[in-house]
>>> print(open('query08.pdb').read())   # PDB, C-alpha atoms
ATOM      1  CA  MET R   1     205.969 119.679 172.025
ATOM      2  CA  SER R   2     205.793 120.754 168.387
ATOM      3  CA  ALA R   3     204.336 118.597 165.622
ATOM      4  CA  ARG R   4     206.471 116.939 162.986
ATOM      5  CA  LEU R   5     206.289 118.999 159.774
ATOM      6  CA  LEU R   6     205.429 116.977 156.674
ATOM      7  CA  SER R   7     207.223 118.987 154.015
ATOM      8  CA  GLY R   8     205.575 118.743 150.630
ATOM      9  CA  ARG R   9     208.697 120.226 149.090
ATOM     10  CA  GLU R  10     210.782 117.368 150.457
ATOM     11  CA  ALA R  11     208.299 114.722 149.333
ATOM     12  CA  SER R  12     207.909 116.387 145.940
ATOM     13  CA  GLY R  13     211.658 116.570 145.406
ATOM     14  CA  ALA R  14     212.093 112.868 146.137
ATOM     15  CA  THR R  15     209.141 112.014 143.882
ATOM     16  CA  LEU R  16     210.469 114.064 140.969
ATOM     17  CA  ILE R  17     213.844 112.319 141.174
ATOM     18  CA  GLU R  18     212.058 108.967 140.924
ATOM     19  CA  LEU R  19     209.922 110.175 138.034
ATOM     20  CA  ALA R  20     212.967 111.449 136.128
ATOM     21  CA  SER R  21     214.467 107.961 136.343
ATOM     22  CA  VAL R  22     211.254 106.461 134.974
ATOM     23  CA  VAL R  23     211.171 108.906 132.047
ATOM     24  CA  GLU R  24     214.846 108.298 131.261
ATOM     25  CA  ALA R  25     214.142 104.566 130.894
ATOM     26  CA  LEU R  26     211.195 105.061 128.519
ATOM     27  CA  PRO R  27     211.729 104.515 124.759
ATOM     28  CA  PHE R  28     209.834 107.759 124.058
ATOM     29  CA  CYS R  29     209.351 111.249 125.496
ATOM     30  CA  PRO R  30     205.956 111.836 127.120
ATOM     31  CA  GLY R  31     204.119 114.925 125.927
ATOM     32  CA  LEU R  32     202.019 117.223 128.131
ATOM     33  CA  VAL R  33     199.943 120.195 126.949
ATOM     34  CA  PHE R  34     198.576 122.923 129.225
ATOM     35  CA  VAL R  35     195.601 124.923 127.975
ATOM     36  CA  ARG R  36     195.091 128.307 129.604
ATOM     37  CA  VAL R  37     192.321 130.777 128.747
ATOM     38  CA  GLY R  38     192.521 134.422 129.790
ATOM     39  CA  ASP R  39     195.166 136.519 131.510
ATOM     40  CA  ASP R  40     194.807 135.620 135.180
ATOM     41  CA  PRO R  41     198.339 136.055 136.605
ATOM     42  CA  ALA R  42     197.951 133.334 139.234
ATOM     43  CA  SER R  43     196.919 130.781 136.599
ATOM     44  CA  ALA R  44     199.776 131.856 134.335
ATOM     45  CA  SER R  45     202.308 131.464 137.144
ATOM     46  CA  TYR R  46     200.909 128.058 138.131
ATOM     47  CA  VAL R  47     201.094 126.758 134.561
ATOM     48  CA  ARG R  48     204.671 127.994 134.147
ATOM     49  CA  SER R  49     205.732 126.214 137.339
ATOM     50  CA  LYS R  50     204.150 122.966 136.148
ATOM     51  CA  SER R  51     205.839 123.317 132.767
ATOM     52  CA  ARG R  52     209.252 123.854 134.374
ATOM     53  CA  LEU R  53     208.851 120.747 136.523
ATOM     54  CA  ALA R  54     207.789 118.727 133.487
ATOM     55  CA  ALA R  55     210.992 119.745 131.714
ATOM     56  CA  ARG R  56     212.992 118.926 134.834
ATOM     57  CA  VAL R  57     211.957 115.265 134.678
ATOM     58  CA  GLY R  58     212.331 115.014 130.899
ATOM     59  CA  ILE R  59     208.744 115.523 129.753
ATOM     60  CA  ARG R  60     208.075 117.612 126.652
ATOM     61  CA  SER R  61     205.497 120.258 127.526
ATOM     62  CA  GLU R  62     203.648 122.974 125.642
ATOM     63  CA  ILE R  63     201.457 125.833 126.850
ATOM     64  CA  VAL R  64     198.486 126.782 124.674
ATOM     65  CA  GLU R  65     197.511 130.322 125.693
ATOM     66  CA  LEU R  66     194.122 131.605 124.521
ATOM     67  CA  VAL R  67     192.508 135.015 124.858
ATOM     68  CA  ALA R  68     189.731 135.444 127.416
ATOM     69  CA  CYS R  69     187.074 135.847 124.709
ATOM     70  CA  THR R  70     187.780 132.399 123.226
ATOM     71  CA  SER R  71     184.446 130.758 122.444
ATOM     72  CA  GLN R  72     183.215 127.408 123.687
ATOM     73  CA  GLU R  73     183.363 126.002 120.152
ATOM     74  CA  GLU R  74     186.929 127.214 119.618
ATOM     75  CA  LEU R  75     188.108 125.680 122.873
ATOM     76  CA  LEU R  76     186.335 122.402 122.158
ATOM     77  CA  GLY R  77     188.016 122.327 118.762
ATOM     78  CA  ILE R  78     191.441 122.750 120.325
ATOM     79  CA  VAL R  79     190.739 119.989 122.846
ATOM     80  CA  GLY R  80     189.608 117.731 120.016
ATOM     81  CA  SER R  81     192.841 118.346 118.121
ATOM     82  CA  LEU R  82     194.907 117.514 121.196
ATOM     83  CA  ASN R  83     192.863 114.359 121.760
ATOM     84  CA  ALA R  84     193.707 113.237 118.227
ATOM     85  CA  ASP R  85     197.436 114.085 118.423
ATOM     86  CA  PRO R  86     199.405 110.857 119.075
ATOM     87  CA  ASP R  87     202.341 112.833 120.495
ATOM     88  CA  VAL R  88     200.182 114.302 123.279
ATOM     89  CA  ASP R  89     199.892 112.010 126.295
ATOM     90  CA  GLY R  90     198.419 114.454 128.778
ATOM     91  CA  ILE R  91     196.041 117.417 128.547
ATOM     92  CA  LEU R  92     195.519 119.825 131.431
ATOM     93  CA  ILE R  93     192.836 122.522 131.252
ATOM     94  CA  GLN R  94     193.879 125.198 133.710
ATOM     95  CA  LEU R  95     190.986 126.249 135.941
ATOM     96  CA  PRO R  96     189.160 128.482 136.519
ATOM     97  CA  LEU R  97     187.962 129.192 132.989
ATOM     98  CA  PRO R  98     186.231 132.483 132.099
ATOM     99  CA  ASP R  99     182.581 132.595 133.142
ATOM    100  CA  HIS R 100     181.182 132.299 129.622
ATOM    101  CA  LEU R 101     182.758 128.854 129.189
ATOM    102  CA  ASP R 102     181.120 125.651 130.447
ATOM    103  CA  SER R 103     183.955 124.121 132.480
ATOM    104  CA  ALA R 104     182.193 120.782 132.982
ATOM    105  CA  ARG R 105     181.607 120.378 129.254
ATOM    106  CA  ILE R 106     185.217 121.296 128.440
ATOM    107  CA  LEU R 107     186.638 118.848 130.987
ATOM    108  CA  GLU R 108     184.378 116.076 129.727
ATOM    109  CA  ALA R 109     185.645 116.714 126.190
ATOM    110  CA  VAL R 110     189.181 115.689 127.194
ATOM    111  CA  GLU R 111     190.022 112.114 126.207
ATOM    112  CA  PRO R 112     189.895 110.156 129.513
ATOM    113  CA  THR R 113     193.250 108.458 128.830
ATOM    114  CA  LYS R 114     194.850 111.928 128.532
ATOM    115  CA  ASP R 115     193.015 113.502 131.468
ATOM    116  CA  VAL R 116     195.989 114.080 133.798
ATOM    117  CA  ASP R 117     193.803 116.055 136.215
ATOM    118  CA  GLY R 118     191.629 112.972 136.745
ATOM    119  CA  PHE R 119     188.425 115.011 136.458
ATOM    120  CA  HIS R 120     186.678 113.144 133.625
ATOM    121  CA  PRO R 121     183.565 111.226 134.774
ATOM    122  CA  ILE R 122     185.045 107.995 133.430
ATOM    123  CA  ASN R 123     188.138 108.419 135.605
ATOM    124  CA  VAL R 124     185.964 109.376 138.575
ATOM    125  CA  GLY R 125     183.983 106.172 138.110
ATOM    126  CA  LYS R 126     187.146 104.095 137.854
ATOM    127  CA  LEU R 127     188.457 105.613 141.070
ATOM    128  CA  TRP R 128     185.334 104.714 143.034
ATOM    129  CA  SER R 129     185.063 101.237 141.509
ATOM    130  CA  GLY R 130     188.708 100.432 142.213
ATOM    131  CA  GLU R 131     189.770 100.186 138.565
ATOM    132  CA  PRO R 132     193.048 101.592 137.221
ATOM    133  CA  GLY R 133     192.712 105.149 135.969
ATOM    134  CA  LEU R 134     193.987 108.697 136.346
ATOM    135  CA  VAL R 135     193.378 110.148 139.823
ATOM    136  CA  PRO R 136     193.022 113.845 140.776
ATOM    137  CA  ALA R 137     196.460 115.191 141.618
ATOM    138  CA  THR R 138     195.811 116.844 144.983
ATOM    139  CA  PRO R 139     194.262 113.815 146.739
ATOM    140  CA  LEU R 140     196.895 111.548 145.192
ATOM    141  CA  GLY R 141     199.552 113.878 146.575
ATOM    142  CA  LEU R 142     198.096 113.557 150.079
ATOM    143  CA  VAL R 143     198.546 109.803 150.044
ATOM    144  CA  ARG R 144     202.048 110.150 148.607
ATOM    145  CA  ILE R 145     203.041 112.532 151.403
ATOM    146  CA  LEU R 146     201.960 109.954 153.971
ATOM    147  CA  ASP R 147     203.886 107.252 152.115
ATOM    148  CA  HIS R 148     207.015 109.394 151.918
ATOM    149  CA  PHE R 149     207.014 109.982 155.669
ATOM    150  CA  GLN R 150     206.085 106.338 156.348
ATOM    151  CA  ILE R 151     202.797 107.156 158.015
ATOM    152  CA  PRO R 152     200.423 104.168 157.827
ATOM    153  CA  VAL R 153     196.910 104.537 156.460
ATOM    154  CA  GLU R 154     195.450 101.050 156.770
ATOM    155  CA  GLY R 155     193.056 100.722 159.690
ATOM    156  CA  ARG R 156     193.232 104.431 160.534
ATOM    157  CA  HIS R 157     190.209 106.716 160.815
ATOM    158  CA  ALA R 158     190.492 109.388 158.130
ATOM    159  CA  VAL R 159     188.176 112.374 158.570
ATOM    160  CA  ILE R 160     187.869 114.658 155.546
ATOM    161  CA  VAL R 161     186.491 118.177 155.935
ATOM    162  CA  GLY R 162     185.155 119.319 152.562
ATOM    163  CA  ARG R 163     183.271 117.325 149.928
ATOM    164  CA  SER R 164     184.405 118.959 146.675
ATOM    165  CA  ASN R 165     184.833 116.952 143.497
ATOM    166  CA  LEU R 166     188.429 118.180 143.291
ATOM    167  CA  VAL R 167     189.660 117.107 146.740
ATOM    168  CA  GLY R 168     187.199 115.806 149.319
ATOM    169  CA  LYS R 169     185.342 113.125 147.375
ATOM    170  CA  PRO R 170     188.368 111.659 145.538
ATOM    171  CA  ALA R 171     190.388 111.764 148.771
ATOM    172  CA  ALA R 172     187.668 109.683 150.440
ATOM    173  CA  ALA R 173     187.881 107.128 147.627
ATOM    174  CA  LEU R 174     191.687 106.953 147.827
ATOM    175  CA  PHE R 175     191.710 106.448 151.595
ATOM    176  CA  LEU R 176     189.088 103.731 151.247
ATOM    177  CA  ARG R 177     191.337 102.043 148.686
ATOM    178  CA  ARG R 178     194.090 102.092 151.296
ATOM    179  CA  HIS R 179     191.776 100.403 153.832
ATOM    180  CA  ALA R 180     191.168 103.404 156.068
ATOM    181  CA  THR R 181     187.831 104.027 157.745
ATOM    182  CA  VAL R 182     186.584 107.252 156.173
ATOM    183  CA  THR R 183     184.247 109.964 157.440
ATOM    184  CA  LEU R 184     183.435 112.658 154.852
ATOM    185  CA  THR R 185     182.105 115.880 156.374
ATOM    186  CA  HIS R 186     180.767 119.128 154.941
ATOM    187  CA  SER R 187     179.202 122.489 155.791
ATOM    188  CA  LEU R 188     175.969 120.919 157.087
ATOM    189  CA  THR R 189     177.648 118.296 159.279
ATOM    190  CA  ARG R 190     176.407 118.552 162.859
ATOM    191  CA  ASP R 191     178.935 119.004 165.667
ATOM    192  CA  LEU R 192     181.914 118.889 163.313
ATOM    193  CA  PRO R 193     184.552 119.252 166.077
ATOM    194  CA  SER R 194     183.392 115.999 167.677
ATOM    195  CA  LEU R 195     184.219 114.212 164.407
ATOM    196  CA  THR R 196     187.541 115.925 163.723
ATOM    197  CA  ARG R 197     188.661 114.993 167.244
ATOM    198  CA  GLN R 198     188.205 111.324 166.269
ATOM    199  CA  ALA R 199     190.541 111.577 163.279
ATOM    200  CA  ASP R 200     193.806 109.671 163.136
ATOM    201  CA  ILE R 201     194.310 111.394 159.789
ATOM    202  CA  LEU R 202     192.546 114.730 159.281
ATOM    203  CA  VAL R 203     192.268 116.203 155.768
ATOM    204  CA  VAL R 204     190.990 119.782 155.570
ATOM    205  CA  ALA R 205     190.036 121.364 152.236
ATOM    206  CA  VAL R 206     187.482 124.136 152.646
ATOM    207  CA  GLY R 207     189.369 127.409 152.045
ATOM    208  CA  ARG R 208     188.583 129.015 155.418
ATOM    209  CA  ALA R 209     191.701 130.374 157.090
ATOM    210  CA  GLY R 210     192.373 128.925 160.536
ATOM    211  CA  MET R 211     189.087 127.035 160.711
ATOM    212  CA  ILE R 212     190.606 124.028 162.516
ATOM    213  CA  THR R 213     191.885 125.011 165.955
ATOM    214  CA  SER R 214     193.774 123.092 168.630
ATOM    215  CA  LYS R 215     190.447 122.175 170.278
ATOM    216  CA  TRP R 216     189.328 120.339 167.120
ATOM    217  CA  VAL R 217     192.103 117.713 167.052
ATOM    218  CA  LYS R 218     193.480 114.902 169.173
ATOM    219  CA  PRO R 219     197.130 114.670 170.251
ATOM    220  CA  ASP R 220     198.268 111.823 168.006
ATOM    221  CA  ALA R 221     196.552 113.038 164.817
ATOM    222  CA  VAL R 222     198.199 113.609 161.441
ATOM    223  CA  VAL R 223     196.799 116.719 159.718
ATOM    224  CA  LEU R 224     196.894 117.380 155.961
ATOM    225  CA  ASP R 225     196.001 121.019 155.279
ATOM    226  CA  VAL R 226     194.884 121.568 151.668
ATOM    227  CA  GLY R 227     193.060 124.893 151.953
ATOM    228  CA  GLN R 228     194.734 128.167 151.113
ATOM    229  CA  SER R 229     193.418 131.674 151.735
ATOM    230  CA  ARG R 230     195.017 135.091 151.367
ATOM    231  CA  VAL R 231     194.398 137.401 154.289
ATOM    232  CA  GLY R 232     196.082 140.795 154.305
ATOM    233  CA  GLY R 233     198.507 139.682 151.624
ATOM    234  CA  CYS R 234     199.588 136.583 153.555
ATOM    235  CA  LEU R 235     198.844 132.952 152.718
ATOM    236  CA  TYR R 236     197.076 130.876 155.380
ATOM    237  CA  GLY R 237     195.870 127.317 155.555
ATOM    238  CA  ASP R 238     192.616 125.968 156.918
ATOM    239  CA  VAL R 239     194.454 124.837 160.050
ATOM    240  CA  SER R 240     195.373 127.280 162.802
ATOM    241  CA  PRO R 241     199.087 127.415 163.780
ATOM    242  CA  SER R 242     198.010 126.487 167.308
ATOM    243  CA  VAL R 243     197.336 122.940 166.109
ATOM    244  CA  ALA R 244     201.096 122.350 165.774
ATOM    245  CA  GLY R 245     201.325 122.289 169.559
ATOM    246  CA  VAL R 246     198.868 119.418 169.852
ATOM    247  CA  VAL R 247     199.036 116.959 166.933
ATOM    248  CA  ALA R 248     201.753 114.484 165.986
ATOM    249  CA  ALA R 249     202.353 115.766 162.454
ATOM    250  CA  LEU R 250     200.978 118.238 159.934
ATOM    251  CA  THR R 251     201.686 119.823 156.574
ATOM    252  CA  PRO R 252     202.837 123.456 156.570
ATOM    253  CA  THR R 253     201.336 126.321 154.548
ATOM    254  CA  PRO R 254     202.938 127.147 152.196
ATOM    255  CA  GLY R 255     205.177 124.239 151.220
ATOM    256  CA  GLY R 256     202.840 121.446 152.242
ATOM    257  CA  THR R 257     200.301 119.849 149.946
ATOM    258  CA  GLY R 258     200.786 122.298 147.042
ATOM    259  CA  PRO R 259     204.160 121.031 145.765
ATOM    260  CA  MET R 260     202.883 117.458 145.766
ATOM    261  CA  THR R 261     199.885 118.415 143.637
ATOM    262  CA  VAL R 262     202.221 119.594 140.874
ATOM    263  CA  ALA R 263     204.393 116.482 141.195
ATOM    264  CA  MET R 264     201.329 114.270 140.838
ATOM    265  CA  VAL R 265     200.352 115.994 137.574
ATOM    266  CA  ILE R 266     203.765 114.939 136.274
ATOM    267  CA  HIS R 267     203.219 111.437 137.668
ATOM    268  CA  ASN R 268     199.843 111.202 135.929
ATOM    269  CA  THR R 269     201.364 112.276 132.625
ATOM    270  CA  ILE R 270     203.896 109.462 132.802
ATOM    271  CA  GLU R 271     201.194 106.959 133.752
ATOM    272  CA  ALA R 272     199.012 108.144 130.876
ATOM    273  CA  ALA R 273     201.913 107.845 128.443
ATOM    274  CA  ARG R 274     202.810 104.342 129.593
ATOM    275  CA  ALA R 275     199.210 103.167 129.400
ATOM    276  CA  ARG R 276     198.647 104.650 125.937
ATOM    277  CA  ARG R 277     201.948 103.642 124.338
ATOM    278  CA  ILE R 278     203.034 100.423 125.996
ATOM    279  CA  GLY R 279     199.932  99.275 127.817
ATOM    280  CA  GLY R 280     201.308 100.295 131.197
ATOM    281  CA  GLU R 281     203.855  97.513 131.108
TER     282      GLU R 281
END
>>> encode(input="query08.pdb", output="structure tokens")
Amino acid sequence: MSARLLSGREASGATLIELASVVEALPFCPGLVFVRVGDDPASASYVRSKSRLAARVGIRSEIVELVACTSQEELLGIVGSLNADPDVDGILIQLPLPDHLDSARILEAVEPTKDVDGFHPINVGKLWSGEPGLVPATPLGLVRILDHFQIPVEGRHAVIVGRSNLVGKPAAALFLRRHATVTLTHSLTRDLPSLTRQADILVVAVGRAGMITSKWVKPDAVVLDVGQSRVGGCLYGDVSPSVAGVVAALTPTPGGTGPMTVAMVIHNTIEAARARRIGGE
């Protein structure tokens, strides 16, 4: 028996249709600015795809492209100008930045109410304390995928493999908000397979191709595969294809969690615009 595939493309498409309706009803056009430093082709492609989706739902977007030798002071100045611009509702700093730039300092310079990536320490604190705020897009997309496919979270045991600030930690906070029991694991966790086999919902975000095998999961589990690795020119997830023959449902790679991450950036931009301009009402 093969697992049910949780298509991120399907969930993203439905979400974007809903978001377009929200934007159409607004008395203003939300504005989103992408800031990209350097000439990394993958980053350039990713930003272009986000910009196209923003336009698709009616959001005005702009891409600020800077040369790789841009200084810390120059970049901070640009961020400051965007913070002060009333027509800009969302600011996204495309990562990774060149090595000579302090990414943490740049991200902290973004006005928290415009931080559509949800990385600012103020937004991180709000997430863990249960207050309204902007949430990192990838973990938010995981929950939205489950909602789209009507998979319950409350009362389930969610095991998260990977404790990064971008995925693992905020995912743990989101699942706690949804009343799941959460186990957060990492590279030093002892006997990791014994924990993953307990998961009703298994989130994997470590970037190691095929790390999770069919022996690491239980038959009725739902698996959300966030990791992506290129091996021999092909894209693989953290979850081995063999898992599809055991679990109840899982996200594919590609076409799983990735499309929802982009959709949630658009969602966050709309939320930021509503909160800034009309108090979220």
>>> residues_around(input="query08.pdb", residues="R:Arg230", least_positions_apart="5", cutoff="10 Å", atoms="all atoms listed in the file", output="VMD selection string")
chain R and resid 207 to 209 235 to 237
>>> residues_near_point(input="query08.pdb", point="(193.9, 111.5, 120.7)", cutoff="12 Å", atoms="all atoms listed in the file", output="list in words")
Gly31, Ile78, Val79, Gly80, Ser81, Leu82, Asn83, Ala84, Asp85, Pro86, Asp87, Val88, Asp89, Gly90, Ile91, Ala109, Val110, Glu111, Pro112, Thr113, Lys114, Asp115, Ala272, Ala273, Arg276 and Arg277 of chain R
>>> closest_residue(input="query08.pdb", among="R:Arg197, R:Cys29, R:Arg156, R:Ala42", to="R:His179", atoms="all atoms listed in the file")
R:Arg156
>>> atom_distance(input="query08.pdb", atom1="atom CA of R:Leu19", atom2="atom CA of R:Tyr46")
20.0 Å
>>> axis_aligned_box(input="query08.pdb", around="stretch 241-247 of chain R", padding_each_side="3 Å", output="JSON")
{"center_x": 199.3, "center_y": 122.2, "center_z": 166.8, "size_x": 10.0, "size_y": 16.5, "size_z": 12.1}
>>> residues_around(input="query08.pdb", residues="R:Gly227", least_positions_apart="3", cutoff="10 Å", atoms="only C-alpha atoms", output="MDAnalysis selection string")
chainID R and resid 162 167 203:211 224 235:239 253 257:258
>>> write_last_selection(input="query08.pdb", atoms="C-alpha atoms", output="tab-separated table (two decimals), in the frame of the given file")
chain	number	residue	atom	x	y	z
R	162	GLY	CA	185.16	119.32	152.56
R	167	VAL	CA	189.66	117.11	146.74
R	203	VAL	CA	192.27	116.20	155.77
R	204	VAL	CA	190.99	119.78	155.57
R	205	ALA	CA	190.04	121.36	152.24
R	206	VAL	CA	187.48	124.14	152.65
R	207	GLY	CA	189.37	127.41	152.04
R	208	ARG	CA	188.58	129.01	155.42
R	209	ALA	CA	191.70	130.37	157.09
R	210	GLY	CA	192.37	128.93	160.54
R	211	MET	CA	189.09	127.04	160.71
R	224	LEU	CA	196.89	117.38	155.96
R	235	LEU	CA	198.84	132.95	152.72
R	236	TYR	CA	197.08	130.88	155.38
R	237	GLY	CA	195.87	127.32	155.56
R	238	ASP	CA	192.62	125.97	156.92
R	239	VAL	CA	194.45	124.84	160.05
R	253	THR	CA	201.34	126.32	154.55
R	257	THR	CA	200.30	119.85	149.95
R	258	GLY	CA	200.79	122.30	147.04
>>> residues_around(input="query08.pdb", residues="R:Val247", least_positions_apart="2", cutoff="8 Å", atoms="all atoms listed in the file", output="MDAnalysis selection string")
chainID R and resid 2:3 217:223 243:245 249:250
>>> closest_residue(input="query08.pdb", among="R:Ile201, R:Ala25, R:Leu176, R:Val67", to="R:Trp128", atoms="all atoms listed in the file")
R:Leu176
>>> residues_around(input="query08.pdb", residues="stretch 139-151 of chain R", least_positions_apart="3", cutoff="7 Å", atoms="all atoms listed in the file", output="JSON list (two decimals) with C-alpha atoms, in the frame of the given file")
[["chain", "number", "residue", "atom", "x", "y", "z"],
["R", 8, "GLY", "CA", 205.58, 118.74, 150.63],
["R", 11, "ALA", "CA", 208.30, 114.72, 149.33],
["R", 135, "VAL", "CA", 193.38, 110.15, 139.82],
["R", 136, "PRO", "CA", 193.02, 113.84, 140.78],
["R", 167, "VAL", "CA", 189.66, 117.11, 146.74],
["R", 170, "PRO", "CA", 188.37, 111.66, 145.54],
["R", 171, "ALA", "CA", 190.39, 111.76, 148.77],
["R", 257, "THR", "CA", 200.30, 119.85, 149.95],
["R", 260, "MET", "CA", 202.88, 117.46, 145.77],
["R", 261, "THR", "CA", 199.88, 118.42, 143.64],
["R", 264, "MET", "CA", 201.33, 114.27, 140.84]]
>>> closest_residue(input="query08.pdb", among="R:Ala104, R:Glu24, R:Ala137, R:Leu75", to="R:Val265", atoms="only C-alpha atoms")
R:Ala137
>>> closest_residue(input="query08.pdb", among="R:Asp200, R:Glu74, R:Asp191, R:Asp117", to="R:Ile266", atoms="all atoms listed in the file")
R:Asp117
>>> residues_around(input="query08.pdb", residues="R:Ser49", least_positions_apart="3", cutoff="12 Å", atoms="all atoms listed in the file", output="PDB file with C-alpha atoms, in the frame of the given file")
ATOM      1  CA  PHE R  34     198.576 122.923 129.225  1.00  0.00           C
ATOM      2  CA  ALA R  42     197.951 133.334 139.234  1.00  0.00           C
ATOM      3  CA  SER R  43     196.919 130.781 136.599  1.00  0.00           C
ATOM      4  CA  ALA R  44     199.776 131.856 134.335  1.00  0.00           C
ATOM      5  CA  SER R  45     202.308 131.464 137.144  1.00  0.00           C
ATOM      6  CA  TYR R  46     200.909 128.058 138.131  1.00  0.00           C
ATOM      7  CA  ARG R  52     209.252 123.854 134.374  1.00  0.00           C
ATOM      8  CA  LEU R  53     208.851 120.747 136.523  1.00  0.00           C
ATOM      9  CA  ALA R  54     207.789 118.727 133.487  1.00  0.00           C
ATOM     10  CA  ALA R  55     210.992 119.745 131.714  1.00  0.00           C
ATOM     11  CA  ARG R  56     212.992 118.926 134.834  1.00  0.00           C
ATOM     12  CA  SER R  61     205.497 120.258 127.526  1.00  0.00           C
ATOM     13  CA  ILE R  63     201.457 125.833 126.850  1.00  0.00           C
ATOM     14  CA  GLY R 258     200.786 122.298 147.042  1.00  0.00           C
ATOM     15  CA  PRO R 259     204.160 121.031 145.765  1.00  0.00           C
ATOM     16  CA  THR R 261     199.885 118.415 143.637  1.00  0.00           C
ATOM     17  CA  VAL R 262     202.221 119.594 140.874  1.00  0.00           C
ATOM     18  CA  ALA R 263     204.393 116.482 141.195  1.00  0.00           C
ATOM     19  CA  VAL R 265     200.352 115.994 137.574  1.00  0.00           C
ATOM     20  CA  ILE R 266     203.765 114.939 136.274  1.00  0.00           C
TER      21      ILE R 266
END
>>> decode(input="query08.pdb", residues="stretch 186-209 of chain R", atoms="C-alpha atoms", output="tab-separated table (two decimals), in the first residue's frame")
chain	number	residue	atom	x	y	z
R	186	HIS	CA	18.87	16.88	16.91
R	187	SER	CA	22.25	15.44	15.94
R	188	LEU	CA	23.12	14.45	19.53
R	189	THR	CA	19.79	12.76	20.29
R	190	ARG	CA	20.34	9.19	21.47
R	191	ASP	CA	18.59	6.35	19.64
R	192	LEU	CA	16.81	8.69	17.24
R	193	PRO	CA	14.93	5.91	15.38
R	194	SER	CA	13.13	4.92	18.59
R	195	LEU	CA	11.71	8.46	18.77
R	196	THR	CA	10.81	8.83	15.10
R	197	ARG	CA	8.91	5.53	15.31
R	198	GLN	CA	6.68	7.15	17.97
R	199	ALA	CA	5.68	10.05	15.71
R	200	ASP	CA	2.12	10.53	14.55
R	201	ILE	CA	3.47	13.52	12.63
R	202	LEU	CA	7.15	13.41	11.66
R	203	VAL	CA	8.88	16.61	10.46
R	204	VAL	CA	12.37	16.16	9.01
R	205	ALA	CA	14.60	19.15	8.26
R	206	VAL	CA	18.28	18.25	8.36
R	207	GLY	CA	19.47	18.25	4.72
R	208	ARG	CA	20.72	14.65	4.64
R	209	ALA	CA	19.38	12.76	1.64
